[in-house]
Each structure stands twice: as C-alpha cells, then as structure tokens.
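As provided, upload_10.txt (compact mmCIF, all heavy atoms) reads as follows.
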```
# COMPACT_ATOMS: atom_id res chain seq x y z
N MET A 174 6.90 60.80 -102.31
CA MET A 174 8.18 60.85 -101.64
C MET A 174 9.09 59.84 -102.33
O MET A 174 8.70 58.70 -102.54
CB MET A 174 7.97 60.50 -100.17
CG MET A 174 9.16 60.66 -99.31
SD MET A 174 9.66 62.35 -99.19
CE MET A 174 11.37 62.15 -98.99
N GLU A 175 10.28 60.28 -102.65
CA GLU A 175 11.26 59.42 -103.32
C GLU A 175 12.55 59.46 -102.51
O GLU A 175 13.06 60.54 -102.18
CB GLU A 175 11.50 59.97 -104.72
CG GLU A 175 12.50 59.23 -105.54
CD GLU A 175 12.66 59.86 -106.93
OE1 GLU A 175 11.90 60.79 -107.28
OE2 GLU A 175 13.55 59.42 -107.64
N VAL A 176 13.06 58.30 -102.15
CA VAL A 176 14.30 58.20 -101.38
C VAL A 176 15.19 57.14 -102.02
O VAL A 176 14.74 56.02 -102.27
CB VAL A 176 14.03 57.82 -99.90
CG1 VAL A 176 15.33 57.70 -99.12
CG2 VAL A 176 13.12 58.85 -99.25
N VAL A 177 16.45 57.52 -102.28
CA VAL A 177 17.41 56.59 -102.88
C VAL A 177 18.73 56.72 -102.13
O VAL A 177 19.18 57.82 -101.82
CB VAL A 177 17.65 56.94 -104.38
CG1 VAL A 177 18.71 56.04 -104.98
CG2 VAL A 177 16.36 56.84 -105.16
N ARG A 178 19.35 55.59 -101.83
CA ARG A 178 20.66 55.59 -101.18
C ARG A 178 21.70 55.10 -102.19
O ARG A 178 21.50 54.08 -102.85
CB ARG A 178 20.65 54.68 -99.96
CG ARG A 178 22.01 54.61 -99.27
CD ARG A 178 21.95 53.86 -97.95
NE ARG A 178 21.38 54.73 -96.92
CZ ARG A 178 20.22 54.52 -96.32
NH1 ARG A 178 19.49 53.47 -96.62
NH2 ARG A 178 19.77 55.35 -95.40
N ARG A 179 22.77 55.84 -102.30
CA ARG A 179 23.89 55.49 -103.19
C ARG A 179 25.15 55.32 -102.35
O ARG A 179 25.33 56.02 -101.35
CB ARG A 179 24.12 56.58 -104.24
CG ARG A 179 22.95 56.82 -105.15
CD ARG A 179 22.80 55.66 -106.11
NE ARG A 179 21.74 55.95 -107.06
CZ ARG A 179 20.92 55.05 -107.53
NH1 ARG A 179 21.04 53.80 -107.15
NH2 ARG A 179 20.01 55.37 -108.39
N SER A 180 26.02 54.42 -102.78
CA SER A 180 27.28 54.21 -102.06
C SER A 180 28.44 54.14 -103.04
O SER A 180 28.26 53.74 -104.20
CB SER A 180 27.22 52.93 -101.23
OG SER A 180 26.99 51.81 -102.04
N ALA A 181 29.60 54.56 -102.58
CA ALA A 181 30.81 54.55 -103.39
C ALA A 181 31.59 53.27 -103.09
O ALA A 181 31.57 52.77 -101.96
CB ALA A 181 31.68 55.76 -103.07
N PRO A 182 32.28 52.71 -104.09
CA PRO A 182 33.05 51.49 -103.87
C PRO A 182 34.10 51.63 -102.77
O PRO A 182 34.38 50.68 -102.05
CB PRO A 182 33.73 51.23 -105.22
CG PRO A 182 32.91 51.97 -106.21
CD PRO A 182 32.33 53.15 -105.48
N LYS A 183 34.66 52.82 -102.59
CA LYS A 183 35.70 53.02 -101.58
C LYS A 183 35.13 53.58 -100.28
O LYS A 183 35.87 54.05 -99.42
CB LYS A 183 36.77 53.96 -102.11
CG LYS A 183 37.56 53.35 -103.26
CD LYS A 183 38.67 54.24 -103.70
CE LYS A 183 39.44 53.58 -104.83
NZ LYS A 183 40.59 54.38 -105.25
N GLY A 184 33.84 53.52 -100.11
CA GLY A 184 33.20 53.97 -98.88
C GLY A 184 32.42 55.25 -99.08
O GLY A 184 32.60 55.96 -100.06
N GLY A 185 31.54 55.53 -98.13
CA GLY A 185 30.68 56.71 -98.19
C GLY A 185 29.33 56.37 -98.77
O GLY A 185 29.23 55.63 -99.75
N THR A 186 28.29 56.88 -98.12
CA THR A 186 26.93 56.70 -98.63
C THR A 186 26.22 58.05 -98.61
O THR A 186 26.51 58.91 -97.78
CB THR A 186 26.12 55.69 -97.79
OG1 THR A 186 26.06 56.13 -96.43
CG2 THR A 186 26.72 54.29 -97.85
N TRP A 187 25.29 58.20 -99.55
CA TRP A 187 24.51 59.42 -99.69
C TRP A 187 23.05 59.06 -99.83
O TRP A 187 22.70 58.13 -100.55
CB TRP A 187 24.97 60.21 -100.92
CG TRP A 187 26.38 60.66 -100.81
CD1 TRP A 187 26.82 61.86 -100.35
CD2 TRP A 187 27.55 59.91 -101.13
NE1 TRP A 187 28.20 61.90 -100.37
CE2 TRP A 187 28.68 60.70 -100.85
CE3 TRP A 187 27.78 58.62 -101.64
CZ2 TRP A 187 29.97 60.28 -101.04
CZ3 TRP A 187 29.08 58.20 -101.83
CH2 TRP A 187 30.16 59.03 -101.54
N LEU A 188 22.22 59.80 -99.13
CA LEU A 188 20.78 59.60 -99.19
C LEU A 188 20.17 60.77 -99.96
O LEU A 188 20.35 61.93 -99.57
CB LEU A 188 20.20 59.54 -97.78
CG LEU A 188 18.72 59.23 -97.69
CD1 LEU A 188 18.49 57.75 -97.97
CD2 LEU A 188 18.16 59.61 -96.34
N PHE A 189 19.50 60.47 -101.05
CA PHE A 189 18.84 61.48 -101.87
C PHE A 189 17.35 61.40 -101.57
O PHE A 189 16.75 60.33 -101.69
CB PHE A 189 19.07 61.22 -103.36
CG PHE A 189 20.51 61.34 -103.78
CD1 PHE A 189 21.41 60.30 -103.55
CD2 PHE A 189 20.95 62.49 -104.40
CE1 PHE A 189 22.74 60.42 -103.93
CE2 PHE A 189 22.28 62.61 -104.80
CZ PHE A 189 23.17 61.57 -104.57
N ALA A 190 16.75 62.52 -101.18
CA ALA A 190 15.32 62.54 -100.85
C ALA A 190 14.64 63.68 -101.59
O ALA A 190 15.13 64.82 -101.59
CB ALA A 190 15.14 62.71 -99.34
N VAL A 191 13.51 63.36 -102.24
CA VAL A 191 12.73 64.36 -102.97
C VAL A 191 11.28 64.20 -102.53
O VAL A 191 10.69 63.12 -102.66
CB VAL A 191 12.84 64.16 -104.50
CG1 VAL A 191 12.03 65.23 -105.23
CG2 VAL A 191 14.28 64.16 -104.96
N ASN A 192 10.72 65.29 -102.03
CA ASN A 192 9.32 65.26 -101.59
C ASN A 192 8.43 65.75 -102.73
O ASN A 192 8.36 66.95 -103.00
CB ASN A 192 9.14 66.14 -100.34
CG ASN A 192 7.74 66.07 -99.80
OD1 ASN A 192 6.88 65.40 -100.36
ND2 ASN A 192 7.50 66.76 -98.71
N HIS A 193 7.76 64.82 -103.37
CA HIS A 193 6.86 65.14 -104.49
C HIS A 193 5.44 65.48 -104.01
O HIS A 193 4.58 65.76 -104.83
CB HIS A 193 6.78 63.96 -105.46
CG HIS A 193 8.06 63.62 -106.13
ND1 HIS A 193 8.61 64.40 -107.13
CD2 HIS A 193 8.92 62.58 -105.95
CE1 HIS A 193 9.74 63.86 -107.55
NE2 HIS A 193 9.95 62.76 -106.85
N THR A 194 5.23 65.42 -102.70
CA THR A 194 3.88 65.64 -102.18
C THR A 194 3.62 67.13 -101.91
O THR A 194 4.52 67.96 -102.04
CB THR A 194 3.66 64.86 -100.87
OG1 THR A 194 4.39 65.49 -99.80
CG2 THR A 194 4.10 63.40 -101.01
N GLU A 195 2.40 67.42 -101.49
CA GLU A 195 2.02 68.79 -101.16
C GLU A 195 2.14 69.08 -99.67
O GLU A 195 1.74 70.14 -99.20
CB GLU A 195 0.58 69.04 -101.62
CG GLU A 195 0.41 68.93 -103.12
CD GLU A 195 -1.02 69.15 -103.57
OE1 GLU A 195 -1.90 69.44 -102.72
OE2 GLU A 195 -1.27 69.02 -104.78
N ASN A 196 2.69 68.11 -98.92
CA ASN A 196 2.81 68.24 -97.46
C ASN A 196 4.24 67.97 -97.01
O ASN A 196 4.98 67.25 -97.68
CB ASN A 196 1.89 67.22 -96.77
CG ASN A 196 0.45 67.42 -97.15
OD1 ASN A 196 -0.10 68.51 -96.99
ND2 ASN A 196 -0.18 66.38 -97.68
N PRO A 197 4.64 68.53 -95.86
CA PRO A 197 5.95 68.21 -95.32
C PRO A 197 6.02 66.72 -94.96
O PRO A 197 5.02 66.12 -94.58
CB PRO A 197 6.05 69.05 -94.05
CG PRO A 197 4.92 70.01 -94.10
CD PRO A 197 3.90 69.47 -95.05
N VAL A 198 7.21 66.14 -95.11
CA VAL A 198 7.42 64.73 -94.83
C VAL A 198 8.70 64.57 -94.00
O VAL A 198 9.70 65.22 -94.30
CB VAL A 198 7.55 63.92 -96.13
CG1 VAL A 198 7.86 62.46 -95.85
CG2 VAL A 198 6.29 64.02 -96.97
N GLN A 199 8.65 63.72 -92.99
CA GLN A 199 9.84 63.46 -92.18
C GLN A 199 10.55 62.22 -92.72
O GLN A 199 9.92 61.21 -93.04
CB GLN A 199 9.47 63.26 -90.72
CG GLN A 199 10.66 63.33 -89.80
CD GLN A 199 10.26 63.45 -88.35
OE1 GLN A 199 9.39 62.73 -87.90
NE2 GLN A 199 10.89 64.36 -87.64
N VAL A 200 11.90 62.31 -92.82
CA VAL A 200 12.72 61.23 -93.35
C VAL A 200 13.82 60.92 -92.35
O VAL A 200 14.50 61.84 -91.86
CB VAL A 200 13.37 61.64 -94.70
CG1 VAL A 200 14.25 60.55 -95.24
CG2 VAL A 200 12.31 62.02 -95.72
N ALA A 201 14.00 59.64 -92.02
CA ALA A 201 15.08 59.24 -91.13
C ALA A 201 16.41 59.40 -91.85
O ALA A 201 16.60 58.85 -92.93
CB ALA A 201 14.88 57.80 -90.68
N ALA A 202 17.31 60.21 -91.28
CA ALA A 202 18.62 60.45 -91.90
C ALA A 202 19.57 61.01 -90.86
O ALA A 202 19.20 61.87 -90.05
CB ALA A 202 18.49 61.42 -93.06
N THR A 203 20.82 60.54 -90.90
CA THR A 203 21.86 61.05 -90.01
C THR A 203 23.05 61.43 -90.86
O THR A 203 23.59 60.60 -91.59
CB THR A 203 22.28 59.99 -88.97
OG1 THR A 203 21.13 59.61 -88.22
CG2 THR A 203 23.34 60.53 -88.04
N GLY A 204 23.45 62.70 -90.80
CA GLY A 204 24.59 63.16 -91.57
C GLY A 204 24.43 64.62 -91.97
O GLY A 204 23.59 65.33 -91.43
N LEU A 205 25.22 65.05 -92.93
CA LEU A 205 25.22 66.44 -93.37
C LEU A 205 24.40 66.59 -94.65
O LEU A 205 24.68 65.91 -95.65
CB LEU A 205 26.66 66.91 -93.63
CG LEU A 205 26.81 68.34 -94.13
CD1 LEU A 205 26.32 69.34 -93.09
CD2 LEU A 205 28.26 68.61 -94.50
N ASP A 206 23.42 67.49 -94.62
CA ASP A 206 22.63 67.79 -95.82
C ASP A 206 23.48 68.70 -96.70
O ASP A 206 23.78 69.84 -96.34
CB ASP A 206 21.32 68.48 -95.44
CG ASP A 206 20.43 68.77 -96.64
OD1 ASP A 206 20.88 68.58 -97.79
OD2 ASP A 206 19.29 69.20 -96.42
N LEU A 207 23.88 68.20 -97.85
CA LEU A 207 24.76 68.94 -98.75
C LEU A 207 24.04 70.08 -99.47
O LEU A 207 24.69 70.97 -100.02
CB LEU A 207 25.39 67.99 -99.76
CG LEU A 207 26.22 66.86 -99.16
CD1 LEU A 207 26.72 65.92 -100.24
CD2 LEU A 207 27.38 67.41 -98.35
N VAL A 208 22.71 70.08 -99.44
CA VAL A 208 21.94 71.16 -100.07
C VAL A 208 21.83 72.36 -99.12
O VAL A 208 22.11 73.49 -99.50
CB VAL A 208 20.54 70.68 -100.50
CG1 VAL A 208 19.71 71.82 -101.05
CG2 VAL A 208 20.66 69.56 -101.53
N SER A 209 21.47 72.10 -97.87
CA SER A 209 21.24 73.19 -96.91
C SER A 209 22.46 73.48 -96.03
O SER A 209 22.54 74.54 -95.43
CB SER A 209 20.05 72.85 -96.01
OG SER A 209 20.39 71.78 -95.13
N GLY A 210 23.36 72.50 -95.92
CA GLY A 210 24.51 72.66 -95.03
C GLY A 210 24.19 72.36 -93.57
O GLY A 210 25.01 72.56 -92.69
N ILE A 211 22.99 71.86 -93.31
CA ILE A 211 22.56 71.56 -91.94
C ILE A 211 22.81 70.09 -91.62
O ILE A 211 22.54 69.21 -92.43
CB ILE A 211 21.06 71.89 -91.77
CG1 ILE A 211 20.84 73.39 -91.99
CG2 ILE A 211 20.55 71.46 -90.41
CD1 ILE A 211 19.38 73.79 -92.04
N ARG A 212 23.33 69.84 -90.41
CA ARG A 212 23.55 68.47 -89.95
C ARG A 212 22.25 67.88 -89.43
O ARG A 212 21.55 68.52 -88.65
CB ARG A 212 24.62 68.44 -88.86
CG ARG A 212 24.89 67.05 -88.34
CD ARG A 212 26.23 66.91 -87.71
NE ARG A 212 27.33 67.00 -88.67
CZ ARG A 212 27.71 66.02 -89.48
NH1 ARG A 212 27.05 64.88 -89.49
NH2 ARG A 212 28.73 66.17 -90.28
N SER A 213 21.93 66.69 -89.87
CA SER A 213 20.73 65.99 -89.44
C SER A 213 21.10 64.99 -88.35
O SER A 213 21.90 64.10 -88.58
CB SER A 213 20.10 65.24 -90.63
OG SER A 213 19.07 64.40 -90.17
N PRO A 214 20.51 65.12 -87.15
CA PRO A 214 20.84 64.24 -86.05
C PRO A 214 20.13 62.88 -86.08
O PRO A 214 20.43 62.02 -85.29
CB PRO A 214 20.40 65.04 -84.82
CG PRO A 214 19.25 65.84 -85.32
CD PRO A 214 19.59 66.17 -86.76
N GLY A 215 19.19 62.69 -86.97
CA GLY A 215 18.46 61.42 -87.01
C GLY A 215 17.22 61.48 -87.89
O GLY A 215 16.70 60.45 -88.30
N ALA A 216 16.75 62.70 -88.17
CA ALA A 216 15.59 62.86 -89.05
C ALA A 216 15.59 64.28 -89.60
O ALA A 216 16.06 65.21 -88.95
CB ALA A 216 14.29 62.60 -88.30
N ILE A 217 15.08 64.41 -90.81
CA ILE A 217 14.90 65.72 -91.43
C ILE A 217 13.44 65.86 -91.84
O ILE A 217 12.76 64.86 -92.08
CB ILE A 217 15.80 65.93 -92.66
CG1 ILE A 217 15.53 64.86 -93.73
CG2 ILE A 217 17.26 65.95 -92.28
CD1 ILE A 217 16.19 65.14 -95.06
N THR A 218 12.97 67.08 -91.90
CA THR A 218 11.63 67.34 -92.41
C THR A 218 11.77 68.07 -93.73
O THR A 218 12.34 69.16 -93.77
CB THR A 218 10.80 68.18 -91.42
OG1 THR A 218 10.70 67.47 -90.18
CG2 THR A 218 9.41 68.44 -91.97
N LEU A 219 11.30 67.44 -94.78
CA LEU A 219 11.33 68.06 -96.11
C LEU A 219 10.01 68.75 -96.37
O LEU A 219 8.95 68.14 -96.24
CB LEU A 219 11.55 67.00 -97.19
CG LEU A 219 12.94 66.43 -97.36
CD1 LEU A 219 12.95 65.39 -98.46
CD2 LEU A 219 13.93 67.53 -97.66
N PRO A 220 10.05 70.03 -96.74
CA PRO A 220 8.80 70.71 -97.10
C PRO A 220 8.27 70.17 -98.41
O PRO A 220 8.97 69.45 -99.13
CB PRO A 220 9.23 72.17 -97.23
CG PRO A 220 10.68 72.10 -97.58
CD PRO A 220 11.22 70.88 -96.90
N ALA A 221 7.05 70.54 -98.74
CA ALA A 221 6.47 70.16 -100.04
C ALA A 221 7.41 70.60 -101.14
O ALA A 221 7.88 71.74 -101.15
CB ALA A 221 5.11 70.82 -100.21
N GLY A 222 7.77 69.69 -102.04
CA GLY A 222 8.68 69.99 -103.13
C GLY A 222 10.14 70.07 -102.72
O GLY A 222 10.99 70.41 -103.52
N GLY A 223 10.44 69.74 -101.46
CA GLY A 223 11.80 69.85 -100.95
C GLY A 223 12.72 68.74 -101.42
O GLY A 223 12.29 67.65 -101.79
N VAL A 224 14.02 69.05 -101.39
CA VAL A 224 15.07 68.11 -101.82
C VAL A 224 16.18 68.13 -100.78
O VAL A 224 16.54 69.19 -100.25
CB VAL A 224 15.65 68.53 -103.19
CG1 VAL A 224 16.79 67.64 -103.59
CG2 VAL A 224 14.57 68.53 -104.25
N ALA A 225 16.75 66.97 -100.50
CA ALA A 225 17.91 66.87 -99.61
C ALA A 225 18.86 65.82 -100.15
O ALA A 225 18.44 64.82 -100.73
CB ALA A 225 17.47 66.50 -98.19
N VAL A 226 20.16 66.06 -99.95
CA VAL A 226 21.19 65.07 -100.25
C VAL A 226 22.03 64.97 -98.99
O VAL A 226 22.72 65.91 -98.61
CB VAL A 226 22.08 65.50 -101.44
CG1 VAL A 226 23.16 64.46 -101.69
CG2 VAL A 226 21.25 65.72 -102.69
N ILE A 227 21.92 63.84 -98.31
CA ILE A 227 22.58 63.65 -97.03
C ILE A 227 23.83 62.80 -97.21
O ILE A 227 23.76 61.66 -97.68
CB ILE A 227 21.65 62.94 -96.02
CG1 ILE A 227 20.31 63.65 -95.90
CG2 ILE A 227 22.33 62.80 -94.66
CD1 ILE A 227 20.35 65.01 -95.31
N ALA A 228 24.99 63.36 -96.85
CA ALA A 228 26.23 62.57 -96.75
C ALA A 228 26.15 61.88 -95.40
O ALA A 228 26.30 62.51 -94.35
CB ALA A 228 27.45 63.48 -96.84
N GLU A 229 25.87 60.59 -95.42
CA GLU A 229 25.58 59.87 -94.18
C GLU A 229 26.84 59.61 -93.37
O GLU A 229 27.92 59.39 -93.90
CB GLU A 229 24.88 58.56 -94.51
CG GLU A 229 23.52 58.77 -95.16
CD GLU A 229 22.78 57.51 -95.42
OE1 GLU A 229 23.32 56.63 -96.11
OE2 GLU A 229 21.65 57.39 -94.92
N ASP A 230 26.64 59.65 -92.03
CA ASP A 230 27.72 59.36 -91.08
C ASP A 230 27.95 57.87 -91.00
O ASP A 230 27.11 57.08 -91.21
CB ASP A 230 27.38 59.89 -89.69
CG ASP A 230 27.35 61.41 -89.65
OD1 ASP A 230 27.95 62.05 -90.52
OD2 ASP A 230 26.70 61.93 -88.73
```

Let's see the structure in the file written out as structure tokens.
Amino acid sequence: MEVVRRSAPKGGTWLFAVNHTENPVQVAATGLDLVSGIRSPGAITLPAGGVAVIAED
C-alpha cells in the first residue's frame, strides 16, 4: 500500500493511494475521488491493484 499527500502553495491537498497488495485495503480519506468520481465520507476501500486520487476537503 502506497499513500502520498501533495499540497499546492495556494491551497488544496490531494491524497494519492495505490494498493499494491492482493487484498482490498481501507484508507482514511475525506473528499472527492478524482478517478471514480465518488465522494469519500471518511474512508475508501481500494481493491487489489486499485488507485485513488482524493481531492481532500
């Protein structure tokens, strides 16, 4: 599991999550997943090999 948070100098943060495992993994995140278009209320479940980019609230 790989998780990286990036921020812009003028505001805004993004959480990049990549599940390198063979199992689903839950990741704490609040915001809009720019890959799926689904809003995350506090946690997302990434399937095996899944990727998410969350524009954090």

Handout entry: Neighbours of point (14.3, 63.4, -90.1) within 3.5 Å, using all heavy atoms, written as a list in words
Key = Val200, Ala216 and Ile217 of chain A

Selection from above, all heavy atoms, as a compact mmCIF listing (two decimals), keeping the file's coordinate frame, can you write it?
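Wrote selection-v5.txt, looks like this:
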```txt
# COMPACT_ATOMS: atom_id res chain seq x y z
N VAL A 200 11.90 62.31 -92.82
CA VAL A 200 12.72 61.23 -93.35
C VAL A 200 13.82 60.92 -92.35
O VAL A 200 14.50 61.84 -91.86
CB VAL A 200 13.37 61.64 -94.70
CG1 VAL A 200 14.25 60.55 -95.24
CG2 VAL A 200 12.31 62.02 -95.72
N ALA A 216 16.75 62.70 -88.17
CA ALA A 216 15.59 62.86 -89.05
C ALA A 216 15.59 64.28 -89.60
O ALA A 216 16.06 65.21 -88.95
CB ALA A 216 14.29 62.60 -88.30
N ILE A 217 15.08 64.41 -90.81
CA ILE A 217 14.90 65.72 -91.43
C ILE A 217 13.44 65.86 -91.84
O ILE A 217 12.76 64.86 -92.08
CB ILE A 217 15.80 65.93 -92.66
CG1 ILE A 217 15.53 64.86 -93.73
CG2 ILE A 217 17.26 65.95 -92.28
CD1 ILE A 217 16.19 65.14 -95.06
```

Centre and edges of the stretch 182-187 of chain A box, axis-aligned, 5 Å extra per side, as AutoDock Vina command-line options:
```
--center_x 31.6 --center_y 56.3 --center_z -101.3 --size_x 27.9 --size_y 21.2 --size_z 19.8
```

Handout entry: Residue contacts of stretch 183-196 of chain A (6 Å, only C-alpha atoms) excluding same-chain residues fewer than 5 positions away, as number ranges by chain
Key = A: 174-178, 221-229

Problem - Those in chain A with strand (DSSP E) from DSSP, as a VMD selection string - result: chain A and resid 175 to 180 186 to 191 198 to 206 212 to 219 224 to 229

Practice task
Just give me the gap between atom CA of A:Leu207 and atom CA of A:Pro182 in Å, one decimal is fine.
Solution key: 20.0 Å

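The two atoms in question, atom C of A:Ser180 and atom O of A:Pro197, are spaced 27.6 Å apart.
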
Problem - atom CG of A:Asp230 to atom O of A:Ala202, straight-line distance in Å - result: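 It comes out at 8.2 Å.
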